[in-house]
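Participant: This is the structure I have questions about; it appears just below.
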Amino acid sequence: MTIAKPNDDYTQVIQEMLEIAGKHGVNLNPEGIEMNESGMDFLVGFAEEAETGARWILRKPRRTDVLDRADNEARVLKLIQSHLPVDVPDWRIYTPELIAYPLLDGQPAASVSMEGYAFNMDAKNPGEPFVQSLAEALVALHGIDHDAARAAGLRVKSPQEVREETARNMDDIKGRLGVSETLWARWQKWLGDDSYWPTHSALIHGDLHPPHILIDERVKVTGLLDWTESEVASPAKDFVLYYAIYGEHNLRVLLDRYEQAGGKVWPRMFDHIVEQHAAYPVLIAQFALLTGQEEYMTMARNALGLTEQAGSN
């Protein structure tokens, strides 16, 4: 995580944030504001309310394309506030230039940078409090009524629509960037086998990895952040990054706790999550094409197996 002090070329940005917050009745202390530039979509500031000393999060969009996802997040947060056993952000200020809300209790399970994750917990053995509380939060989230989600203006996709969209995205990335023959064959086998796929959808977080999970001193989950990708889609998506980070054994433990807590599973859910992780390069490539940044394009080509393929020719 990269933290920059106010004198590190952020003076104008900070001033803009303070002015917008003030217009909405939130008077922030201009001294001691810190900026976190590790986020891909938002530049994030940490500030204190002048009168009370309460900590606030300030999020400034990096690009205009972020605004559509921010609109989605605002609708999601309004819907889920009363449904989850953990905290979610309470957006007090929401404008195209600034999103601001009181800092939630807890600390992220990890921070992230281009160098990888820096964990605030045991990454190899998450522990029962973490696993159980995360499972219960996911069961509550996945159980939210689809009609309520639709009424709130959220995207609602049937299992077949999710599968068809997955195929279209794969075709698009293959056409625009390419993909190794081995990876493409694996994707097609997964897409074509009904036994892998769920017959139900659920309201999901959509980007559930350690920096978006808040924990307390007991490593119990207390909050979930960053709901820009939330929609009604495949519940498996909320387990993919968990598998990537914590491994096969810990995924099986989480799925067991999830089912015990009332989560709906299917016979090949574990296998489906593994295959969905194998398709994650599609998402990396989509983001790289969206931003146009060469560092992400390099990451995408590596994930798609194009570097290895080029080296063998």
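Identifiers in this document derive from the order of the structure tokens: chains are assigned A, B, ..., residues are numbered from 1 separately in each chain, and ligands are numbered from 1 in order of occurrence.
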Which parts of range 2-79 of chain A does DSSP call alpha helix (DSSP H) when run on the backbone here, written out as a ChimeraX atom specification?
Facilitator: /A:11-23,66-79
Participant: Within range 185-272 of chain A, find each residue whose DSSP state, derived from the backbone, is strand (DSSP E), and express the selection as a ChimeraX atom specification.
Facilitator: /A:202-204,213-215,221-224,231-233
Participant: What does the distance from CA of Pro198 in chain A to CA of Val265 in chain A come to in Å, to one decimal?
Facilitator: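 CA of Pro198 in chain A sits 8.2 Å away from CA of Val265 in chain A.
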Participant: I'd like the interatomic distance between CA of His212 in chain A and CA of Gln260 in chain A, to a tenth of an Å.
Facilitator: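 Between CA of His212 in chain A and CA of Gln260 in chain A the gap is 23.9 Å.
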Participant: Between CA of Gly223 in chain A and CA of Ala109 in chain A, what is the distance in Å, rounded to a tenth?
Facilitator: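 The value is 10.4 Å.
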Participant: Of the candidates A:Pro267, A:Pro211, A:Pro30, A:Pro89, which shows the shortest atom-to-atom distance to Ala74 in chain A, using only C-alpha atoms?
Facilitator: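 Closest to Ala74 in chain A of all the choices is A:Pro89.
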Participant: What's the 8 Å shell around range 128-135 of chain A, counting only C-alpha atoms, without same-chain residues fewer than 5 positions away, as an MDAnalysis selection string?
Facilitator: chainID A and resid 215 218:221 253:255 257:258 261
Participant: Could you pull the residues within 9 Å of Glu97 in chain A, counting only C-alpha atoms, minus those fewer than 4 positions along the same chain, as an MDAnalysis selection string?
Facilitator: chainID A and resid 16:17 20 59:61
Participant: Just C-alpha atoms for this one: save the residues we selected as a PDB file, in the first residue's frame.
Facilitator:
ATOM      1  CA  GLU A  16     -10.983  19.926  -3.659  1.00  0.00           C
ATOM      2  CA  MET A  17     -11.970  17.082  -1.325  1.00  0.00           C
ATOM      3  CA  ILE A  20     -16.795  19.328  -1.416  1.00  0.00           C
ATOM      4  CA  ARG A  59     -12.669   8.396  -2.544  1.00  0.00           C
ATOM      5  CA  LYS A  60     -11.930  10.364  -5.704  1.00  0.00           C
ATOM      6  CA  PRO A  61     -12.642   8.552  -9.012  1.00  0.00           C
TER       7      PRO A  61
END
Participant: If you take only C-alpha atoms and a cut-off of 8 Å, which residues of range 248-286 of chain A touch range 172-189 of chain A, and what are their nearest atom pairs and distances in Å to one decimal, in chain and number order, as JSON lines?
Facilitator:
{"residue": "A:Glu275", "atom": "CA", "partner": "A:Trp187", "partner_atom": "CA", "distance": 7.6}
{"residue": "A:Ala278", "atom": "CA", "partner": "A:Trp187", "partner_atom": "CA", "distance": 7.7}
{"residue": "A:Ala279", "atom": "CA", "partner": "A:Trp187", "partner_atom": "CA", "distance": 6.7}
{"residue": "A:Val282", "atom": "CA", "partner": "A:Ile173", "partner_atom": "CA", "distance": 6.6}
{"residue": "A:Ala285", "atom": "CA", "partner": "A:Ile173", "partner_atom": "CA", "distance": 7.0}
{"residue": "A:Gln286", "atom": "CA", "partner": "A:Ile173", "partner_atom": "CA", "distance": 7.4}
Participant: Write the residues of the selection above to a file with C-alpha atoms, as a PDB file, in the first residue's frame.
Facilitator:
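Dumped everything to selection-v5.pdb:
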ATOM      1  CA  GLU A 275     -12.418 -23.534 -13.274  1.00  0.00           C
ATOM      2  CA  ALA A 278      -8.733 -20.547 -14.437  1.00  0.00           C
ATOM      3  CA  ALA A 279     -10.878 -18.090 -16.418  1.00  0.00           C
ATOM      4  CA  VAL A 282     -10.475 -12.726 -18.901  1.00  0.00           C
ATOM      5  CA  ALA A 285      -7.563  -8.612 -19.776  1.00  0.00           C
ATOM      6  CA  GLN A 286     -10.817  -6.636 -19.671  1.00  0.00           C
TER       7      GLN A 286
END
Participant: I'd like to know which of A:Ala50, A:Ala100, A:Leu203, A:Ala148 is closest to Pro235 in chain A, using only C-alpha atoms.
Facilitator: A:Leu203
Participant: Residues near Met297 in chain A, anyone? I mean within 9 Å using only C-alpha atoms, not counting same-chain ones fewer than 4 positions away, as a PyMOL selection string.
Facilitator: chain A and resi 284-285+287-289+291-293+301-302
Participant: Taking only C-alpha atoms into account, which of A:Trp197, A:Tyr280, A:Tyr242, A:Trp266 comes nearest Ile213 in chain A?
Facilitator: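 Result for the nearest residue to Ile213 in chain A: A:Tyr242.
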Participant: From the set A:Gln12, A:Gln160, A:Thr228, A:Gln81, which residue has the shortest atom-to-atom contact distance to Ser201 in chain A, counting only C-alpha atoms?
Facilitator: A:Gln160
Participant: Give the answer as one residue: which of A:Glu37, A:Asp87, A:Glu231, A:Glu48 has the shortest atom-to-atom distance to Asn72 in chain A, using only C-alpha atoms?
Facilitator: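 Closest candidate: A:Glu231.
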Participant: I want to know what sits within 8 Å of Arg75 in chain A, based on only C-alpha atoms, with residues of the same chain fewer than 3 positions away left out; could you give that as a ChimeraX atom specification?
Facilitator: /A:71-72,78-79,152-154
